[in-house]
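As provided, target_31.pdb (PDB, C-alpha atoms) reads as follows.
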ATOM      1  CA  MET A  21     163.368-132.327  19.113
ATOM      2  CA  LEU A  22     161.807-135.755  19.748
ATOM      3  CA  GLY A  23     160.791-136.038  16.104
ATOM      4  CA  SER A  24     164.326-135.209  14.948
ATOM      5  CA  LEU A  25     165.785-137.825  17.286
ATOM      6  CA  LEU A  26     163.369-140.470  16.059
ATOM      7  CA  LEU A  27     164.153-139.684  12.430
ATOM      8  CA  ALA A  28     167.871-139.850  13.151
ATOM      9  CA  GLY A  29     167.255-143.195  14.802
ATOM     10  CA  SER A  30     165.441-144.453  11.719
ATOM     11  CA  ARG A  31     168.787-144.464   9.878
ATOM     12  CA  SER A  32     170.984-145.664  12.721
ATOM     13  CA  PRO A  33     172.075-149.340  12.622
ATOM     14  CA  LEU A  34     172.738-149.217  16.374
ATOM     15  CA  ALA A  35     169.253-147.854  17.104
ATOM     16  CA  ARG A  36     167.774-150.430  14.719
ATOM     17  CA  ARG A  37     169.344-153.287  16.689
ATOM     18  CA  ALA A  38     168.300-151.836  20.035
ATOM     19  CA  VAL A  39     164.708-151.027  19.092
ATOM     20  CA  SER A  40     164.160-154.210  17.088
ATOM     21  CA  GLY A  41     165.141-156.340  20.060
ATOM     22  CA  LEU A  42     162.565-154.869  22.439
ATOM     23  CA  PRO A  43     159.535-157.126  23.039
ATOM     24  CA  LEU A  44     157.401-153.982  23.415
ATOM     25  CA  THR A  45     158.405-152.851  19.909
ATOM     26  CA  ARG A  46     157.480-156.184  18.372
ATOM     27  CA  LYS A  47     154.000-155.994  19.891
ATOM     28  CA  VAL A  48     153.460-152.517  18.469
ATOM     29  CA  VAL A  49     154.771-153.522  15.058
ATOM     30  CA  ASP A  50     152.451-156.521  14.957
ATOM     31  CA  ARG A  51     149.532-154.142  15.333
ATOM     32  CA  PHE A  52     150.580-151.582  12.717
ATOM     33  CA  VAL A  53     152.237-153.821  10.118
ATOM     34  CA  ALA A  54     150.091-156.487   8.466
ATOM     35  CA  GLY A  55     152.741-159.188   8.737
ATOM     36  CA  GLU A  56     155.906-160.369   7.056
ATOM     37  CA  SER A  57     154.645-162.591   4.238
ATOM     38  CA  THR A  58     152.664-162.195   1.030
ATOM     39  CA  ALA A  59     149.976-164.374   2.603
ATOM     40  CA  ASP A  60     149.717-161.917   5.495
ATOM     41  CA  ALA A  61     149.279-158.992   3.092
ATOM     42  CA  VAL A  62     146.640-160.816   1.061
ATOM     43  CA  ALA A  63     144.752-161.778   4.216
ATOM     44  CA  ALA A  64     144.719-158.148   5.355
ATOM     45  CA  ALA A  65     143.519-157.046   1.920
ATOM     46  CA  ARG A  66     140.678-159.566   1.948
ATOM     47  CA  ARG A  67     139.599-158.556   5.439
ATOM     48  CA  LEU A  68     139.669-154.813   4.762
ATOM     49  CA  THR A  69     137.997-154.949   1.348
ATOM     50  CA  GLY A  70     135.406-157.271   2.818
ATOM     51  CA  SER A  71     134.480-154.514   5.261
ATOM     52  CA  GLY A  72     133.972-151.948   2.497
ATOM     53  CA  LEU A  73     137.433-150.382   2.415
ATOM     54  CA  SER A  74     140.118-150.320  -0.275
ATOM     55  CA  VAL A  75     143.847-150.950   0.245
ATOM     56  CA  THR A  76     147.221-149.909  -1.058
ATOM     57  CA  ILE A  77     149.910-152.401  -0.107
ATOM     58  CA  ASP A  78     153.535-151.498   0.568
ATOM     59  CA  HIS A  79     156.250-154.149   0.576
ATOM     60  CA  LEU A  80     158.519-152.636   3.204
ATOM     61  CA  GLY A  81     162.072-151.765   2.226
ATOM     62  CA  GLU A  82     164.032-148.720   1.087
ATOM     63  CA  GLU A  83     167.474-147.300   0.346
ATOM     64  CA  VAL A  84     168.548-150.553  -1.298
ATOM     65  CA  ARG A  85     172.242-150.641  -2.224
ATOM     66  CA  ASP A  86     172.373-154.113  -3.717
ATOM     67  CA  PRO A  87     171.025-154.960  -7.205
ATOM     68  CA  GLY A  88     169.847-158.384  -6.089
ATOM     69  CA  THR A  89     167.780-156.914  -3.291
ATOM     70  CA  ALA A  90     166.207-154.416  -5.694
ATOM     71  CA  VAL A  91     165.243-157.192  -8.111
ATOM     72  CA  ALA A  92     163.881-159.265  -5.212
ATOM     73  CA  ALA A  93     161.696-156.343  -4.114
ATOM     74  CA  ALA A  94     160.215-156.023  -7.599
ATOM     75  CA  LYS A  95     159.568-159.769  -7.715
ATOM     76  CA  ALA A  96     157.856-159.570  -4.315
ATOM     77  CA  TYR A  97     155.408-157.005  -5.718
ATOM     78  CA  VAL A  98     154.762-159.082  -8.830
ATOM     79  CA  SER A  99     154.117-162.161  -6.672
ATOM     80  CA  LEU A 100     151.774-160.172  -4.440
ATOM     81  CA  LEU A 101     149.792-158.930  -7.442
ATOM     82  CA  GLU A 102     149.599-162.453  -8.842
ATOM     83  CA  GLU A 103     148.093-163.578  -5.525
ATOM     84  CA  LEU A 104     145.606-160.709  -5.583
ATOM     85  CA  ARG A 105     144.524-161.267  -9.195
ATOM     86  CA  PRO A 106     142.150-164.217  -8.565
ATOM     87  CA  LEU A 107     140.344-162.190  -5.904
ATOM     88  CA  GLY A 108     139.026-159.812  -8.560
ATOM     89  CA  LEU A 109     139.455-156.735  -6.381
ATOM     90  CA  GLY A 110     140.652-154.500  -9.219
ATOM     91  CA  ASP A 111     141.736-151.062  -8.079
ATOM     92  CA  ARG A 112     140.344-151.698  -4.613
ATOM     93  CA  ALA A 113     143.731-153.354  -3.976
ATOM     94  CA  GLU A 114     146.611-151.380  -5.451
ATOM     95  CA  VAL A 115     150.299-151.250  -4.455
ATOM     96  CA  SER A 116     152.614-148.488  -3.247
ATOM     97  CA  VAL A 117     156.254-148.576  -4.320
ATOM     98  CA  LYS A 118     159.298-146.731  -2.990
ATOM     99  CA  LEU A 119     161.711-146.337  -5.874
ATOM    100  CA  SER A 120     164.683-146.616  -3.517
ATOM    101  CA  ALA A 121     163.505-150.168  -2.789
ATOM    102  CA  VAL A 122     163.791-151.143  -6.457
ATOM    103  CA  GLY A 123     167.163-149.598  -7.253
ATOM    104  CA  GLN A 124     166.838-145.815  -7.553
ATOM    105  CA  ALA A 125     170.050-145.155  -5.612
ATOM    106  CA  LEU A 126     171.927-147.677  -7.754
ATOM    107  CA  ASP A 127     170.703-146.916 -11.248
ATOM    108  CA  PRO A 128     167.662-144.869 -12.271
ATOM    109  CA  GLY A 129     167.233-147.116 -15.302
ATOM    110  CA  MET A 130     167.051-150.185 -13.055
ATOM    111  CA  ALA A 131     164.426-148.530 -10.862
ATOM    112  CA  LEU A 132     162.360-147.601 -13.926
ATOM    113  CA  GLU A 133     162.525-151.112 -15.358
ATOM    114  CA  ASN A 134     161.607-152.722 -12.039
ATOM    115  CA  ALA A 135     158.740-150.267 -11.564
ATOM    116  CA  ARG A 136     157.575-150.954 -15.096
ATOM    117  CA  GLN A 137     157.348-154.684 -14.324
ATOM    118  CA  ILE A 138     155.274-153.931 -11.242
ATOM    119  CA  CYS A 139     152.962-151.642 -13.235
ATOM    120  CA  ALA A 140     152.463-154.343 -15.863
ATOM    121  CA  ALA A 141     151.572-156.913 -13.185
ATOM    122  CA  ALA A 142     149.156-154.435 -11.615
ATOM    123  CA  ARG A 143     147.424-153.785 -14.914
ATOM    124  CA  GLU A 144     146.924-157.518 -15.430
ATOM    125  CA  CYS A 145     144.781-157.665 -12.305
ATOM    126  CA  GLY A 146     142.965-154.413 -13.027
ATOM    127  CA  SER A 147     144.922-152.534 -10.409
ATOM    128  CA  THR A 148     147.530-149.802 -10.413
ATOM    129  CA  VAL A 149     150.623-148.436  -8.695
ATOM    130  CA  THR A 150     151.308-145.334  -6.629
ATOM    131  CA  LEU A 151     154.912-144.215  -6.269
ATOM    132  CA  ASP A 152     155.738-143.273  -2.696
ATOM    133  CA  MET A 153     157.733-140.067  -2.288
ATOM    134  CA  GLU A 154     160.891-140.094  -0.212
ATOM    135  CA  ASP A 155     163.164-137.260   0.952
ATOM    136  CA  HIS A 156     163.403-134.004  -0.999
ATOM    137  CA  THR A 157     166.591-135.009  -2.825
ATOM    138  CA  THR A 158     164.658-137.699  -4.719
ATOM    139  CA  VAL A 159     161.605-135.686  -5.811
ATOM    140  CA  ASP A 160     162.797-134.743  -9.288
ATOM    141  CA  ALA A 161     164.048-138.267  -9.993
ATOM    142  CA  THR A 162     160.776-139.781  -8.777
ATOM    143  CA  LEU A 163     158.695-137.436 -10.925
ATOM    144  CA  GLY A 164     160.930-138.290 -13.871
ATOM    145  CA  VAL A 165     160.205-141.994 -13.406
ATOM    146  CA  LEU A 166     156.518-141.161 -13.050
ATOM    147  CA  ARG A 167     156.508-139.353 -16.397
ATOM    148  CA  ALA A 168     158.239-142.292 -18.072
ATOM    149  CA  LEU A 169     155.845-144.830 -16.544
ATOM    150  CA  ARG A 170     152.784-142.816 -17.495
ATOM    151  CA  GLU A 171     153.682-143.086 -21.180
ATOM    152  CA  ASP A 172     152.525-146.716 -20.987
ATOM    153  CA  PHE A 173     150.686-146.718 -17.654
ATOM    154  CA  PRO A 174     148.869-143.361 -17.373
ATOM    155  CA  GLU A 175     146.985-144.621 -14.339
ATOM    156  CA  THR A 176     150.181-144.589 -12.234
ATOM    157  CA  GLY A 177     149.955-142.276  -9.240
ATOM    158  CA  VAL A 178     152.439-140.518  -6.993
ATOM    159  CA  ALA A 179     152.615-139.214  -3.442
ATOM    160  CA  ILE A 180     153.301-135.520  -2.864
ATOM    161  CA  GLN A 181     154.462-134.240   0.527
ATOM    162  CA  ALA A 182     152.716-130.996   1.420
ATOM    163  CA  TYR A 183     155.435-129.711   3.743
ATOM    164  CA  LEU A 184     157.896-129.124   0.900
ATOM    165  CA  PHE A 185     157.847-125.565  -0.425
ATOM    166  CA  ARG A 186     157.718-126.863  -3.998
ATOM    167  CA  SER A 187     154.692-129.124  -3.508
ATOM    168  CA  GLU A 188     151.932-126.632  -4.280
ATOM    169  CA  ALA A 189     153.466-126.078  -7.734
ATOM    170  CA  ASP A 190     153.956-129.838  -8.161
ATOM    171  CA  CYS A 191     150.283-130.368  -7.350
ATOM    172  CA  ARG A 192     149.281-127.876 -10.022
ATOM    173  CA  ASP A 193     151.485-129.689 -12.532
ATOM    174  CA  LEU A 194     149.982-133.043 -11.494
ATOM    175  CA  ALA A 195     146.359-131.920 -11.273
ATOM    176  CA  GLY A 196     145.487-134.339 -14.087
ATOM    177  CA  SER A 197     147.046-137.339 -12.323
ATOM    178  CA  ARG A 198     146.356-139.613  -9.401
ATOM    179  CA  VAL A 199     148.021-137.843  -6.461
ATOM    180  CA  ARG A 200     148.242-139.004  -2.863
ATOM    181  CA  LEU A 201     148.656-135.898  -0.732
ATOM    182  CA  VAL A 202     150.487-136.513   2.539
ATOM    183  CA  LYS A 203     151.895-134.092   5.082
ATOM    184  CA  GLY A 204     155.442-135.511   4.968
ATOM    185  CA  ALA A 205     157.450-137.884   7.121
ATOM    186  CA  TYR A 206     161.161-137.160   6.564
ATOM    187  CA  ALA A 207     163.513-134.825   8.440
ATOM    188  CA  GLU A 208     163.748-131.963   5.961
ATOM    189  CA  PRO A 209     165.697-128.722   6.502
ATOM    190  CA  ALA A 210     163.998-125.360   6.913
ATOM    191  CA  SER A 211     165.471-124.342   3.560
ATOM    192  CA  VAL A 212     163.088-126.686   1.695
ATOM    193  CA  ALA A 213     160.171-127.486   3.993
ATOM    194  CA  TRP A 214     157.718-125.938   6.426
ATOM    195  CA  GLN A 215     158.588-126.880   9.992
ATOM    196  CA  SER A 216     155.613-126.141  12.254
ATOM    197  CA  LYS A 217     152.352-128.076  12.327
ATOM    198  CA  ALA A 218     150.346-124.939  11.519
ATOM    199  CA  GLU A 219     152.524-124.161   8.502
ATOM    200  CA  VAL A 220     152.301-127.734   7.249
ATOM    201  CA  ASP A 221     148.523-127.776   7.655
ATOM    202  CA  ARG A 222     148.182-124.548   5.686
ATOM    203  CA  ALA A 223     150.447-125.948   2.977
ATOM    204  CA  TYR A 224     148.300-129.091   2.873
ATOM    205  CA  VAL A 225     145.171-127.010   2.244
ATOM    206  CA  ARG A 226     146.907-125.034  -0.514
ATOM    207  CA  CYS A 227     147.837-128.311  -2.190
ATOM    208  CA  LEU A 228     144.234-129.533  -1.870
ATOM    209  CA  ARG A 229     143.076-126.321  -3.542
ATOM    210  CA  ALA A 230     145.434-127.068  -6.439
ATOM    211  CA  LEU A 231     144.286-130.680  -6.823
ATOM    212  CA  MET A 232     140.521-130.593  -6.340
ATOM    213  CA  PRO A 233     139.636-128.424  -9.393
ATOM    214  CA  GLY A 234     141.852-130.525 -11.672
ATOM    215  CA  THR A 235     140.990-133.474 -13.878
ATOM    216  CA  GLY A 236     142.969-135.979 -11.844
ATOM    217  CA  TYR A 237     142.117-138.105  -8.833
ATOM    218  CA  PRO A 238     143.075-136.667  -5.416
ATOM    219  CA  MET A 239     143.898-139.141  -2.662
ATOM    220  CA  VAL A 240     143.635-137.279   0.630
ATOM    221  CA  ALA A 241     145.981-139.036   3.037
ATOM    222  CA  THR A 242     145.408-137.680   6.536
ATOM    223  CA  HIS A 243     144.016-138.656   9.927
ATOM    224  CA  ASP A 244     143.251-135.024  10.772
ATOM    225  CA  ASP A 245     139.499-134.446  11.096
ATOM    226  CA  ARG A 246     139.819-130.750  10.280
ATOM    227  CA  LEU A 247     141.677-131.465   7.034
ATOM    228  CA  ILE A 248     139.167-134.194   6.179
ATOM    229  CA  ALA A 249     136.333-131.686   6.555
ATOM    230  CA  ILE A 250     138.177-129.118   4.420
ATOM    231  CA  ALA A 251     138.803-131.740   1.735
ATOM    232  CA  GLU A 252     135.112-132.654   1.682
ATOM    233  CA  SER A 253     134.137-128.997   1.311
ATOM    234  CA  LEU A 254     136.651-128.372  -1.473
ATOM    235  CA  ALA A 255     135.475-131.507  -3.289
ATOM    236  CA  VAL A 256     131.875-130.273  -3.241
ATOM    237  CA  SER A 257     132.972-126.842  -4.476
ATOM    238  CA  ALA A 258     134.883-128.500  -7.318
ATOM    239  CA  GLY A 259     131.854-130.589  -8.302
ATOM    240  CA  ARG A 260     133.412-133.873  -7.228
ATOM    241  CA  GLY A 261     131.219-136.758  -6.119
ATOM    242  CA  PRO A 262     132.253-139.428  -3.604
ATOM    243  CA  ASP A 263     133.762-141.583  -6.370
ATOM    244  CA  ASP A 264     135.931-138.753  -7.699
ATOM    245  CA  TYR A 265     138.426-138.683  -4.821
ATOM    246  CA  GLU A 266     139.283-140.760  -1.798
ATOM    247  CA  PHE A 267     140.642-140.627   1.725
ATOM    248  CA  GLN A 268     143.625-142.678   2.801
ATOM    249  CA  MET A 269     144.726-143.686   6.280
ATOM    250  CA  LEU A 270     147.387-145.943   7.723
ATOM    251  CA  TYR A 271     146.779-149.551   8.717
ATOM    252  CA  GLY A 272     146.118-149.805  12.438
ATOM    253  CA  ILE A 273     145.436-146.098  12.944
ATOM    254  CA  ARG A 274     141.906-144.729  13.491
ATOM    255  CA  ALA A 275     140.158-147.822  12.182
ATOM    256  CA  ASP A 276     136.917-146.475  13.644
ATOM    257  CA  ARG A 277     137.248-143.277  11.607
ATOM    258  CA  GLN A 278     138.016-145.266   8.465
ATOM    259  CA  ALA A 279     134.843-147.290   8.951
ATOM    260  CA  ALA A 280     132.740-144.199   9.692
ATOM    261  CA  LEU A 281     133.911-142.392   6.559
ATOM    262  CA  ALA A 282     133.204-145.450   4.431
ATOM    263  CA  ALA A 283     129.759-145.902   6.011
ATOM    264  CA  ALA A 284     128.989-142.270   5.154
ATOM    265  CA  GLY A 285     129.698-142.982   1.485
ATOM    266  CA  SER A 286     133.316-141.851   1.133
ATOM    267  CA  ARG A 287     135.940-143.950  -0.606
ATOM    268  CA  VAL A 288     138.550-144.931   1.970
ATOM    269  CA  ARG A 289     141.813-146.698   1.245
ATOM    270  CA  VAL A 290     144.047-148.176   3.936
ATOM    271  CA  TYR A 291     147.824-148.086   3.494
ATOM    272  CA  VAL A 292     148.890-151.632   4.396
ATOM    273  CA  PRO A 293     152.617-152.250   4.976
ATOM    274  CA  TYR A 294     154.046-155.743   5.181
ATOM    275  CA  GLY A 295     157.453-157.406   5.180
ATOM    276  CA  ASP A 296     160.325-157.929   7.572
ATOM    277  CA  ASP A 297     162.091-154.602   6.877
ATOM    278  CA  TRP A 298     159.668-152.639   9.062
ATOM    279  CA  TYR A 299     162.083-150.553  11.131
ATOM    280  CA  GLY A 300     162.325-147.396   8.986
ATOM    281  CA  TYR A 301     158.571-147.280   8.468
ATOM    282  CA  PHE A 302     157.908-147.755  12.170
ATOM    283  CA  MET A 303     160.299-145.005  13.259
ATOM    284  CA  ARG A 304     158.922-142.501  10.729
ATOM    285  CA  ARG A 305     155.400-143.092  11.975
ATOM    286  CA  LEU A 306     156.601-142.207  15.468
ATOM    287  CA  ALA A 307     158.579-139.203  14.249
ATOM    288  CA  GLU A 308     155.904-137.904  11.878
ATOM    289  CA  ARG A 309     154.079-136.540  14.880
ATOM    290  CA  PRO A 310     155.851-137.108  18.214
ATOM    291  CA  ALA A 311     152.433-137.462  19.865
ATOM    292  CA  ASN A 312     152.262-140.783  17.994
ATOM    293  CA  VAL A 313     154.626-142.204  20.604
ATOM    294  CA  ALA A 314     151.898-141.826  23.220
ATOM    295  CA  PHE A 315     149.323-142.985  20.684
ATOM    296  CA  PHE A 316     151.180-146.242  20.009
ATOM    297  CA  LEU A 317     151.619-146.898  23.720
ATOM    298  CA  ARG A 318     147.933-146.265  24.349
ATOM    299  CA  ALA A 319     147.104-148.594  21.458
ATOM    300  CA  LEU A 320     149.092-151.344  23.134
ATOM    301  CA  ARG A 321     146.847-151.034  26.174
ATOM    302  CA  GLY A 322     143.801-151.217  23.931
ATOM    303  CA  LYS A 323     142.674-147.620  24.637
TER     304      LYS A 323
END
Could you quickly redo this structure as structure tokens?
Amino acid sequence: MLGSLLLAGSRSPLARRAVSGLPLTRKVVDRFVAGESTADAVAAARRLTGSGLSVTIDHLGEEVRDPGTAVAAAKAYVSLLEELRPLGLGDRAEVSVKLSAVGQALDPGMALENARQICAAARECGSTVTLDMEDHTTVDATLGVLRALREDFPETGVAIQAYLFRSEADCRDLAGSRVRLVKGAYAEPASVAWQSKAEVDRAYVRCLRALMPGTGYPMVATHDDRLIAIAESLAVSAGRGPDDYEFQMLYGIRADRQAALAAAGSRVRVYVPYGDDWYGYFMRRLAERPANVAFFLRALRGK
């Protein structure tokens, strides 16, 4: 129930105004979002890569309904990649793109062209792009853009949400691609998605079993120690070494675990959001697992 309320709030203008105005919220956001500017994102990337981690950077924004805003989002990514290029980080600093931020709801052709520009800028600095996945109504359109992008940019990756019934089959189809496997963070109906934590966890493992034997590059996005251990075991069984897959975790969450995995020889990438349109991201992180509400409050107290 709490998760459903938080997700409903993520799309409510009234809730946005109320939550955004709370000093407590701003303090939490400052800890879990890298900042609002390109300089903030670059600084976070330099700090994290300097400590042995990799990053994927998300310019916050989604569900854009204005062509100018979509073009501005694409330009923000290109500018970010231009700032990263002199650092020579290569694929240790990639970007994550929500197609709804670059015009998907307005015109699929616009979203493809904007994404293509971002992919070209990423290639120039030796990096790449991962397409974030949004709610279930956009999956086919997102995979269509992925196929089009991969004609010229085969290194382009995509996120797959394990809680959707279709995702195991999608993982099999994408087993030769870069795939970020996440549990899922949108309010999806029982007609298309698993609802309980146990069901979602089992679906996540089934998706891992589809990805690990493939020729692609699995990106295991979870903070769950049990799923991390299962992923490691499946990777060994599939003959994958530590450079043949990676773990991904969110900026500001379990930094100690990120460091420990990296110190043990695993590749670890941190999902780094930045920008002033942080509200939807923030609310989904709370709703993704309602226990995160307590986690964020504990984090504020430094525990």
Show me a table, sorted first by chain and then by increasing residue number, of the residues of range 58-135 of chain A having an atom at most 7 Å from range 144-167 of chain A, each with its shortest atom pair and the distance in Å to one decimal, counting all atoms listed in the file and written as CSV.
residue,atom,partner,partner_atom,distance
A:Arg105,CA,A:Cys145,CA,4.8
A:Gly110,CA,A:Gly146,CA,4.5
A:Asp111,CA,A:Ser147,CA,4.2
A:Ala113,CA,A:Ser147,CA,6.6
A:Glu114,CA,A:Thr148,CA,5.3
A:Val115,CA,A:Val149,CA,5.1
A:Ser116,CA,A:Thr150,CA,4.8
A:Val117,CA,A:Leu151,CA,5.0
A:Lys118,CA,A:Asp152,CA,5.0
A:Leu132,CA,A:Val165,CA,6.0
How about saving the chosen residues, C-alpha atoms kept, as a PDB file, in the frame of the given file?
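Contents of the output file result_7.pdb:
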ATOM      1  CA  ARG A 105     144.524-161.267  -9.195  1.00  0.00           C
ATOM      2  CA  GLY A 110     140.652-154.500  -9.219  1.00  0.00           C
ATOM      3  CA  ASP A 111     141.736-151.062  -8.079  1.00  0.00           C
ATOM      4  CA  ALA A 113     143.731-153.354  -3.976  1.00  0.00           C
ATOM      5  CA  GLU A 114     146.611-151.380  -5.451  1.00  0.00           C
ATOM      6  CA  VAL A 115     150.299-151.250  -4.455  1.00  0.00           C
ATOM      7  CA  SER A 116     152.614-148.488  -3.247  1.00  0.00           C
ATOM      8  CA  VAL A 117     156.254-148.576  -4.320  1.00  0.00           C
ATOM      9  CA  LYS A 118     159.298-146.731  -2.990  1.00  0.00           C
ATOM     10  CA  LEU A 132     162.360-147.601 -13.926  1.00  0.00           C
TER      11      LEU A 132
END
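A straight line drawn from CA of Val53 in chain A to CA of Ser74 in chain A is 16.3 Å long.
You will find CA of Asp245 in chain A at 19.2 Å from CA of Gly261 in chain A.
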- [ ] Go through the shown structure with the PyMOL selection byres ((chain A and resi 227) around 12) and write out the matching residues as a VMD selection string.
- [x] chain A and resid 179 to 195 199 to 203 220 to 226 228 to 234 238 to 240 247 250 to 251 254
Create the file for the chosen residues now, containing C-alpha atoms and written as a PDB file, in the coordinates of the input.
ATOM      1  CA  ALA A 179     152.615-139.214  -3.442  1.00  0.00           C
ATOM      2  CA  ILE A 180     153.301-135.520  -2.864  1.00  0.00           C
ATOM      3  CA  GLN A 181     154.462-134.240   0.527  1.00  0.00           C
ATOM      4  CA  ALA A 182     152.716-130.996   1.420  1.00  0.00           C
ATOM      5  CA  TYR A 183     155.435-129.711   3.743  1.00  0.00           C
ATOM      6  CA  LEU A 184     157.896-129.124   0.900  1.00  0.00           C
ATOM      7  CA  PHE A 185     157.847-125.565  -0.425  1.00  0.00           C
ATOM      8  CA  ARG A 186     157.718-126.863  -3.998  1.00  0.00           C
ATOM      9  CA  SER A 187     154.692-129.124  -3.508  1.00  0.00           C
ATOM     10  CA  GLU A 188     151.932-126.632  -4.280  1.00  0.00           C
ATOM     11  CA  ALA A 189     153.466-126.078  -7.734  1.00  0.00           C
ATOM     12  CA  ASP A 190     153.956-129.838  -8.161  1.00  0.00           C
ATOM     13  CA  CYS A 191     150.283-130.368  -7.350  1.00  0.00           C
ATOM     14  CA  ARG A 192     149.281-127.876 -10.022  1.00  0.00           C
ATOM     15  CA  ASP A 193     151.485-129.689 -12.532  1.00  0.00           C
ATOM     16  CA  LEU A 194     149.982-133.043 -11.494  1.00  0.00           C
ATOM     17  CA  ALA A 195     146.359-131.920 -11.273  1.00  0.00           C
ATOM     18  CA  VAL A 199     148.021-137.843  -6.461  1.00  0.00           C
ATOM     19  CA  ARG A 200     148.242-139.004  -2.863  1.00  0.00           C
ATOM     20  CA  LEU A 201     148.656-135.898  -0.732  1.00  0.00           C
ATOM     21  CA  VAL A 202     150.487-136.513   2.539  1.00  0.00           C
ATOM     22  CA  LYS A 203     151.895-134.092   5.082  1.00  0.00           C
ATOM     23  CA  VAL A 220     152.301-127.734   7.249  1.00  0.00           C
ATOM     24  CA  ASP A 221     148.523-127.776   7.655  1.00  0.00           C
ATOM     25  CA  ARG A 222     148.182-124.548   5.686  1.00  0.00           C
ATOM     26  CA  ALA A 223     150.447-125.948   2.977  1.00  0.00           C
ATOM     27  CA  TYR A 224     148.300-129.091   2.873  1.00  0.00           C
ATOM     28  CA  VAL A 225     145.171-127.010   2.244  1.00  0.00           C
ATOM     29  CA  ARG A 226     146.907-125.034  -0.514  1.00  0.00           C
ATOM     30  CA  LEU A 228     144.234-129.533  -1.870  1.00  0.00           C
ATOM     31  CA  ARG A 229     143.076-126.321  -3.542  1.00  0.00           C
ATOM     32  CA  ALA A 230     145.434-127.068  -6.439  1.00  0.00           C
ATOM     33  CA  LEU A 231     144.286-130.680  -6.823  1.00  0.00           C
ATOM     34  CA  MET A 232     140.521-130.593  -6.340  1.00  0.00           C
ATOM     35  CA  PRO A 233     139.636-128.424  -9.393  1.00  0.00           C
ATOM     36  CA  GLY A 234     141.852-130.525 -11.672  1.00  0.00           C
ATOM     37  CA  PRO A 238     143.075-136.667  -5.416  1.00  0.00           C
ATOM     38  CA  MET A 239     143.898-139.141  -2.662  1.00  0.00           C
ATOM     39  CA  VAL A 240     143.635-137.279   0.630  1.00  0.00           C
ATOM     40  CA  LEU A 247     141.677-131.465   7.034  1.00  0.00           C
ATOM     41  CA  ILE A 250     138.177-129.118   4.420  1.00  0.00           C
ATOM     42  CA  ALA A 251     138.803-131.740   1.735  1.00  0.00           C
ATOM     43  CA  LEU A 254     136.651-128.372  -1.473  1.00  0.00           C
TER      44      LEU A 254
END
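Distances here use only C-alpha atoms; by that measure, the residue among A:Asp60, A:Asp276, A:Glu219, A:Glu175 closest to Tyr237 in chain A is A:Glu175.
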Find the axis-aligned box for range 169-172 of chain A, covering all its listed atoms and adding 8 Å on each side, and write its centre and edge lengths in Å to one decimal as AutoDock Vina command-line options.
--center_x 154.2 --center_y -144.8 --center_z -18.9 --size_x 19.3 --size_y 19.9 --size_z 20.6
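Proximity to Gly55 in chain A at 8 Å, evaluated using only C-alpha atoms and with sequence-adjacent residues fewer than 2 positions away removed, yields Asp50, Val53, Ser57, Asp60, Ala61, Pro293, Tyr294, Gly295 and Asp296 of chain A.
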For the selection just defined, write its residues with C-alpha atoms to a file, as a PDB file, in the coordinates of the input.
ATOM      1  CA  ASP A  50     152.451-156.521  14.957  1.00  0.00           C
ATOM      2  CA  VAL A  53     152.237-153.821  10.118  1.00  0.00           C
ATOM      3  CA  SER A  57     154.645-162.591   4.238  1.00  0.00           C
ATOM      4  CA  ASP A  60     149.717-161.917   5.495  1.00  0.00           C
ATOM      5  CA  ALA A  61     149.279-158.992   3.092  1.00  0.00           C
ATOM      6  CA  PRO A 293     152.617-152.250   4.976  1.00  0.00           C
ATOM      7  CA  TYR A 294     154.046-155.743   5.181  1.00  0.00           C
ATOM      8  CA  GLY A 295     157.453-157.406   5.180  1.00  0.00           C
ATOM      9  CA  ASP A 296     160.325-157.929   7.572  1.00  0.00           C
TER      10      ASP A 296
END
Open item on the list: If I take CA of Val256 in chain A and CA of Gly285 in chain A, how far is one from the other in Å, to one decimal?
Closed with: 13.7 Å
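Contact shell of Gly123 in chain A at 8 Å (all atoms listed in the file; same-chain neighbours under 2 positions omitted): Glu83, Val84, Arg85, Asp86, Pro87, Ala90, Val91, Leu119, Ser120, Ala121, Ala125, Leu126, Asp127, Pro128, Met130, Ala131 and Asn134 of chain A.
Between Gln278 in chain A and the residues A:Ala258, A:Ala135, A:Leu68, A:Ala218, the shortest atom-to-atom distance, using all atoms listed in the file, involves A:Leu68.
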TODO: Kindly indicate which residue among A:Leu73, A:Val292, A:Ala96, A:Leu80 lies nearest to Ala54 in chain A, using all atoms listed in the file for the distances.
DONE: A:Val292
Task: Test item: the PyMOL selection byres ((chain A and resi 242) around 7) resolved as a list in words - done: Val202, Val240, Ala241, His243, Asp244, Gln268 and Met269 of chain A
